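**Student:** Structure file run.pdb (PDB, C-alpha atoms and all ligand atoms) right here:
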ATOM      1  CA  MET A   1       0.000   0.000   0.000
ATOM      2  CA  THR A   2       1.281   3.510  -0.804
ATOM      3  CA  ASP A   3       2.205   5.573   2.254
ATOM      4  CA  THR A   4       0.202   8.768   1.700
ATOM      5  CA  THR A   5       1.898  10.469   4.662
ATOM      6  CA  ALA A   6       5.406  10.077   3.171
ATOM      7  CA  PRO A   7       6.841  13.401   1.917
ATOM      8  CA  ALA A   8       7.039  13.743  -1.866
ATOM      9  CA  PRO A   9      10.524  12.926  -3.209
ATOM     10  CA  LEU A  10      12.773  15.878  -4.115
ATOM     11  CA  VAL A  11      15.566  13.752  -5.574
ATOM     12  CA  SER A  12      15.198  10.880  -7.982
ATOM     13  CA  ILE A  13      17.954   8.276  -8.073
ATOM     14  CA  ILE A  14      17.748   6.277 -11.270
ATOM     15  CA  MET A  15      20.095   3.616 -12.600
ATOM     16  CA  GLY A  16      20.442   1.562 -15.740
ATOM     17  CA  SER A  17      20.161  -1.804 -13.994
ATOM     18  CA  ASP A  18      19.396  -3.242 -10.587
ATOM     19  CA  SER A  19      23.036  -4.424 -10.668
ATOM     20  CA  ASP A  20      24.001  -0.727 -10.235
ATOM     21  CA  TRP A  21      22.222  -0.453  -6.866
ATOM     22  CA  PRO A  22      25.193  -1.424  -4.633
ATOM     23  CA  THR A  23      27.156   1.391  -6.309
ATOM     24  CA  MET A  24      24.285   3.878  -6.079
ATOM     25  CA  ARG A  25      23.213   3.058  -2.511
ATOM     26  CA  PRO A  26      25.629   5.586  -0.888
ATOM     27  CA  ALA A  27      23.682   8.404  -2.590
ATOM     28  CA  ALA A  28      20.515   7.115  -0.941
ATOM     29  CA  GLU A  29      22.270   6.828   2.425
ATOM     30  CA  ILE A  30      23.501  10.429   2.252
ATOM     31  CA  LEU A  31      20.039  11.711   1.346
ATOM     32  CA  ASP A  32      18.577   9.702   4.224
ATOM     33  CA  GLU A  33      21.125  11.164   6.609
ATOM     34  CA  LEU A  34      20.336  14.693   5.430
ATOM     35  CA  GLU A  35      16.572  14.028   5.659
ATOM     36  CA  ILE A  36      15.932  14.725   1.982
ATOM     37  CA  PRO A  37      13.071  12.661   0.564
ATOM     38  CA  PHE A  38      14.065  10.655  -2.494
ATOM     39  CA  GLU A  39      12.912   7.851  -4.735
ATOM     40  CA  ALA A  40      14.965   5.164  -6.499
ATOM     41  CA  ASP A  41      14.164   3.209  -9.659
ATOM     42  CA  VAL A  42      15.704   1.325 -12.567
ATOM     43  CA  VAL A  43      15.393   3.280 -15.816
ATOM     44  CA  SER A  44      17.463   2.046 -18.746
ATOM     45  CA  ALA A  45      18.275   4.182 -21.783
ATOM     46  CA  HIS A  46      18.632   1.046 -23.888
ATOM     47  CA  ARG A  47      16.339  -1.563 -22.355
ATOM     48  CA  THR A  48      13.419   0.662 -21.286
ATOM     49  CA  PRO A  49      13.679   3.706 -23.569
ATOM     50  CA  ASP A  50       9.957   4.574 -23.368
ATOM     51  CA  LYS A  51      10.092   4.571 -19.571
ATOM     52  CA  MET A  52      13.155   6.821 -19.733
ATOM     53  CA  VAL A  53      11.345   9.347 -21.937
ATOM     54  CA  ARG A  54       8.268   9.283 -19.676
ATOM     55  CA  PHE A  55      10.478   9.692 -16.612
ATOM     56  CA  GLY A  56      12.490  12.583 -18.056
ATOM     57  CA  ARG A  57       9.448  14.502 -19.277
ATOM     58  CA  ALA A  58       7.430  14.078 -16.053
ATOM     59  CA  ALA A  59      10.118  14.467 -13.367
ATOM     60  CA  ALA A  60       9.926  18.262 -12.860
ATOM     61  CA  GLY A  61       6.120  18.236 -12.850
ATOM     62  CA  ARG A  62       6.148  15.618 -10.088
ATOM     63  CA  GLY A  63       8.166  17.957  -7.858
ATOM     64  CA  ILE A  64      11.565  16.349  -8.398
ATOM     65  CA  ARG A  65      14.330  18.979  -8.015
ATOM     66  CA  VAL A  66      17.447  16.946  -8.872
ATOM     67  CA  VAL A  67      18.034  13.710 -10.789
ATOM     68  CA  ILE A  68      20.940  11.423  -9.924
ATOM     69  CA  ALA A  69      21.517   8.970 -12.772
ATOM     70  CA  GLY A  70      23.986   6.095 -12.555
ATOM     71  CA  ALA A  71      24.969   3.814 -15.408
ATOM     72  CA  GLY A  72      27.835   1.649 -16.535
ATOM     73  CA  GLY A  73      29.472   0.789 -19.855
ATOM     74  CA  ALA A  74      27.741   2.603 -22.707
ATOM     75  CA  ALA A  75      26.315   4.915 -20.075
ATOM     76  CA  HIS A  76      23.824   7.047 -21.998
ATOM     77  CA  LEU A  77      21.200   7.401 -19.264
ATOM     78  CA  PRO A  78      22.360  10.642 -17.575
ATOM     79  CA  GLY A  79      22.822  12.495 -20.869
ATOM     80  CA  MET A  80      19.562  11.285 -22.373
ATOM     81  CA  VAL A  81      17.606  12.226 -19.249
ATOM     82  CA  ALA A  82      19.308  15.645 -19.224
ATOM     83  CA  SER A  83      18.027  16.138 -22.769
ATOM     84  CA  LEU A  84      14.451  15.433 -21.613
ATOM     85  CA  THR A  85      14.298  17.849 -18.660
ATOM     86  CA  THR A  86      15.668  21.179 -17.446
ATOM     87  CA  LEU A  87      16.305  19.745 -13.960
ATOM     88  CA  PRO A  88      19.930  19.408 -12.863
ATOM     89  CA  VAL A  89      21.174  15.909 -13.663
ATOM     90  CA  ILE A  90      24.104  14.386 -11.766
ATOM     91  CA  GLY A  91      25.755  11.471 -13.552
ATOM     92  CA  VAL A  92      27.490   8.634 -11.718
ATOM     93  CA  PRO A  93      29.778   6.445 -13.851
ATOM     94  CA  VAL A  94      29.396   2.872 -12.596
ATOM     95  CA  GLN A  95      32.507   0.701 -12.803
ATOM     96  CA  LEU A  96      31.926  -2.594 -14.596
ATOM     97  CA  ALA A  97      34.253  -5.600 -14.779
ATOM     98  CA  ARG A  98      35.928  -4.432 -17.988
ATOM     99  CA  LEU A  99      37.714  -1.128 -18.744
ATOM    100  CA  ASP A 100      37.725  -0.085 -15.052
ATOM    101  CA  GLY A 101      34.803   2.313 -15.439
ATOM    102  CA  LEU A 102      36.660   4.527 -17.867
ATOM    103  CA  ASP A 103      34.059   3.695 -20.532
ATOM    104  CA  SER A 104      31.274   4.799 -18.153
ATOM    105  CA  LEU A 105      33.115   7.982 -17.150
ATOM    106  CA  LEU A 106      33.894   9.080 -20.693
ATOM    107  CA  SER A 107      30.416   8.348 -22.019
ATOM    108  CA  ILE A 108      28.857  10.465 -19.251
ATOM    109  CA  VAL A 109      31.336  13.334 -19.081
ATOM    110  CA  GLN A 110      31.646  14.168 -22.787
ATOM    111  CA  MET A 111      28.322  15.946 -23.242
ATOM    112  CA  PRO A 112      27.793  18.293 -26.176
ATOM    113  CA  ALA A 113      27.392  21.989 -25.326
ATOM    114  CA  GLY A 114      23.804  22.818 -24.397
ATOM    115  CA  ILE A 115      22.945  19.693 -22.386
ATOM    116  CA  PRO A 116      24.877  19.638 -19.099
ATOM    117  CA  VAL A 117      25.463  16.645 -16.836
ATOM    118  CA  ALA A 118      27.377  17.122 -13.575
ATOM    119  CA  THR A 119      29.662  14.092 -13.740
ATOM    120  CA  MET A 120      30.920  12.522 -10.525
ATOM    121  CA  ALA A 121      33.978  10.325 -10.070
ATOM    122  CA  ILE A 122      33.731   6.646 -11.042
ATOM    123  CA  ASN A 123      31.430   5.041  -8.425
ATOM    124  CA  GLY A 124      31.145   8.474  -6.778
ATOM    125  CA  SER A 125      27.525   8.216  -5.724
ATOM    126  CA  ALA A 126      28.054   9.572  -2.194
ATOM    127  CA  ASN A 127      29.186  12.869  -3.711
ATOM    128  CA  ALA A 128      26.167  12.735  -6.029
ATOM    129  CA  GLY A 129      23.949  12.651  -2.933
ATOM    130  CA  LEU A 130      25.885  15.529  -1.405
ATOM    131  CA  LEU A 131      25.760  17.622  -4.575
ATOM    132  CA  ALA A 132      22.010  17.048  -4.845
ATOM    133  CA  ALA A 133      21.723  18.179  -1.208
ATOM    134  CA  ARG A 134      23.767  21.307  -1.953
ATOM    135  CA  ILE A 135      21.512  22.177  -4.885
ATOM    136  CA  ILE A 136      18.449  21.823  -2.670
ATOM    137  CA  GLY A 137      20.228  23.518   0.242
ATOM    138  CA  SER A 138      20.865  26.612  -1.882
ATOM    139  CA  SER A 139      17.162  27.449  -1.478
ATOM    140  CA  GLU A 140      16.354  25.562   1.739
ATOM    141  CA  PRO A 141      18.271  26.834   4.799
ATOM    142  CA  ALA A 142      17.407  23.751   6.914
ATOM    143  CA  VAL A 143      19.159  21.503   4.377
ATOM    144  CA  ALA A 144      22.143  23.890   4.185
ATOM    145  CA  GLU A 145      22.353  23.715   7.995
ATOM    146  CA  ARG A 146      22.382  19.894   7.938
ATOM    147  CA  LEU A 147      25.102  20.002   5.272
ATOM    148  CA  ALA A 148      27.204  22.253   7.502
ATOM    149  CA  GLU A 149      26.736  19.794  10.382
ATOM    150  CA  TYR A 150      27.737  16.939   8.052
ATOM    151  CA  ALA A 151      30.941  18.800   7.145
ATOM    152  CA  THR A 152      31.724  19.346  10.830
ATOM    153  CA  ARG A 153      31.256  15.622  11.567
ATOM    154  CA  LEU A 154      33.548  14.787   8.635
ATOM    155  CA  GLU A 155      36.197  17.117   9.997
ATOM    156  CA  GLN A 156      35.915  15.539  13.450
ATOM    157  CA  VAL A 157      36.330  12.015  12.012
ATOM    158  CA  VAL A 158      39.475  13.083  10.127
ATOM    159  CA  GLU A 159      40.894  14.769  13.232
ATOM    160  CA  ARG A 160      40.134  11.713  15.416
ATOM    161  CA  LYS A 161      41.935   9.446  12.939
ATOM    162  CA  ALA A 162      44.890  11.825  12.739
ATOM    163  CA  ALA A 163      45.088  11.924  16.559
ATOM    164  CA  ALA A 164      45.038   8.108  16.706
ATOM    165  CA  LEU A 165      47.903   8.056  14.204
ATOM    166  CA  ARG A 166      49.947  10.469  16.328
ATOM    167  CA  ASP A 167      49.423   8.476  19.571
TER     168      ASP A 167
HETATM  169  C1  LIG A 201      24.110  -0.517 -17.961
HETATM  170  O1  LIG A 201      24.594  -1.796 -18.202
HETATM  171  C2  LIG A 201      23.722  -0.530 -16.506
HETATM  172  O2  LIG A 201      23.747   0.759 -15.991
HETATM  173  C3  LIG A 201      24.730  -1.447 -15.875
HETATM  174  O3  LIG A 201      25.794  -0.713 -15.286
HETATM  175  C4  LIG A 201      25.262  -2.247 -17.050
HETATM  176  C5  LIG A 201      25.112  -3.746 -16.900
HETATM  177  O4  LIG A 201      23.769  -4.068 -16.626
HETATM  178  P1  LIG A 201      23.356  -5.564 -16.268
HETATM  179  O5  LIG A 201      23.757  -6.411 -17.437
HETATM  180  O6  LIG A 201      24.116  -5.931 -15.007
HETATM  181  O7  LIG A 201      21.875  -5.530 -16.043
HETATM  182  O8  LIG A 201      23.043  -0.184 -18.767
END
Go ahead and render the structure in this file as structure tokens.
Ligand code: RP5

**Tutor:**
Amino acid sequence: MTDTTAPAPLVSIIMGSDSDWPTMRPAAEILDELEIPFEADVVSAHRTPDKMVRFGRAAAGRGIRVVIAGAGGAAHLPGMVASLTTLPVIGVPVQLARLDGLDSLLSIVQMPAGIPVATMAINGSANAGLLAARIIGSSEPAVAERLAEYATRLEQVVERKAAALRD
């Protein structure tokens, strides 16, 4: 049954295959931690092209503010979705067994002028979650505040580790 009390998602995490989920999960974990409602689904540029077009055209109207799109190999999903919406699209190159993810990175990063995709590092989905949060935080002070707290916690972890090293 659909939970009608759940807040509407602001971020959509899509990926070319369910096999991408372990790589994309850190984006979901970051958004959870920052209390940003999100949704996650498999949308394939090649295997479910009609679904991709429907998704891209409807996302903004459904209240989505940022799309995070992960794909591996011939990774056309982020660029194709960016061509179907004016929402910011963050691409995550997923590393597959061959070519070390370089194929995914290059096929996402080399967009033609006019259709931007913010490309993360290979398997860099945690930063995709953080970038999505920053985009939302630029107009929502509560999210910006949680991002500042996240940065402070990160700093404390690094300092604790450095102290342990010195002891
Ligand atoms: C891409 O093909 C997906 O994004 C995935 O990274 C890759 C392999 O998909 P599976 O064969 O594991 O479903 O479209």

**Student:** Neighbours of segment 69-75 of chain A within 6 Å (all atoms listed in the file; same-chain residues fewer than 5 positions away dropped), as a ChimeraX atom specification?

**Tutor:** /A:13-16,91-94,103-104,107

**Student:** The PyMOL selection byres (((chain A and resi 119) around 7) and not hetatm) on the file shown: which residues, as JSON, numbers by chain?

**Tutor:** {"A": [90, 91, 92, 108, 109, 117, 118, 120, 121]}

**Student:** Return as lines of an AutoDock Vina configuration file the box centre and box size in Å, one decimal, for an axis-aligned box around all listed atoms of ligand LIG 201 (chain A) padded by 3 Å per side.

**Tutor:**
center_x = 23.8
center_y = -2.8
center_z = -16.9
size_x = 9.9
size_y = 13.2
size_z = 9.8

**Student:** Residues near segment 42-55 of chain A, anyone? I mean within 8 Å using only C-alpha atoms, not counting same-chain ones fewer than 4 positions away, as number ranges by chain.

**Tutor:** A: 14-18, 59, 76-77, 80-81, 84

**Student:** Between atom CA of Gly56 of chain A and atom CA of Ala28 of chain A, what is the distance in Å, rounded to a tenth?

**Tutor:** 19.7 Å

**Student:** Translate the PyMOL selection byres (((chain A and resi 30) around 10) and not hetatm) into a concrete residue list for this structure, as a ChimeraX atom specification.

**Tutor:** /A:25-29,31-36,125-130,132-133,150

**Student:** Under the rule that only C-alpha atoms are counted, which of A:Leu131, A:Thr85, A:Pro112, A:Glu39 is the nearest residue to Val143 of chain A?

**Tutor:**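 Nearest candidate to Val143 of chain A out of A:Leu131, A:Thr85, A:Pro112, A:Glu39: A:Leu131.
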
**Student:** How far is it from atom CA of Ser139 of chain A to atom CA of Arg65 of chain A, in Å with one decimal?

**Tutor:**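 Distance reported for this atom pair: 11.1 Å.
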
**Student:** How many Å lie between atom CA of Gly61 of chain A and atom CA of Pro78 of chain A, rounded to one decimal?

**Tutor:**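 Going from atom CA of Gly61 of chain A over to atom CA of Pro78 of chain A, I get 18.5 Å.
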
**Student:** Given all atoms listed in the file as the basis, pick out the residue of A:Arg134, A:Arg98, A:Leu106, A:Gly79 nearest to Ala148 of chain A.

**Tutor:**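 The shortest atom-to-atom distance to Ala148 of chain A comes from A:Arg134.
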
**Student:** Using all atoms listed in the file, which of A:Gln156, A:Asn123, A:Thr5, A:Ser12 sits nearest Gly63 of chain A?

**Tutor:**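 Ranking A:Gln156, A:Asn123, A:Thr5, A:Ser12 by distance to Gly63 of chain A, first place goes to A:Ser12.
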
**Student:** Can you work out which one of A:Ile136, A:Val67, A:Val158, A:Met24 has the shortest atom-to-atom distance to ligand LIG 201 (chain A), counting all atoms listed in the file?

**Tutor:**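 Looking at the shortest contact to ligand LIG 201 (chain A), the residue is A:Met24.
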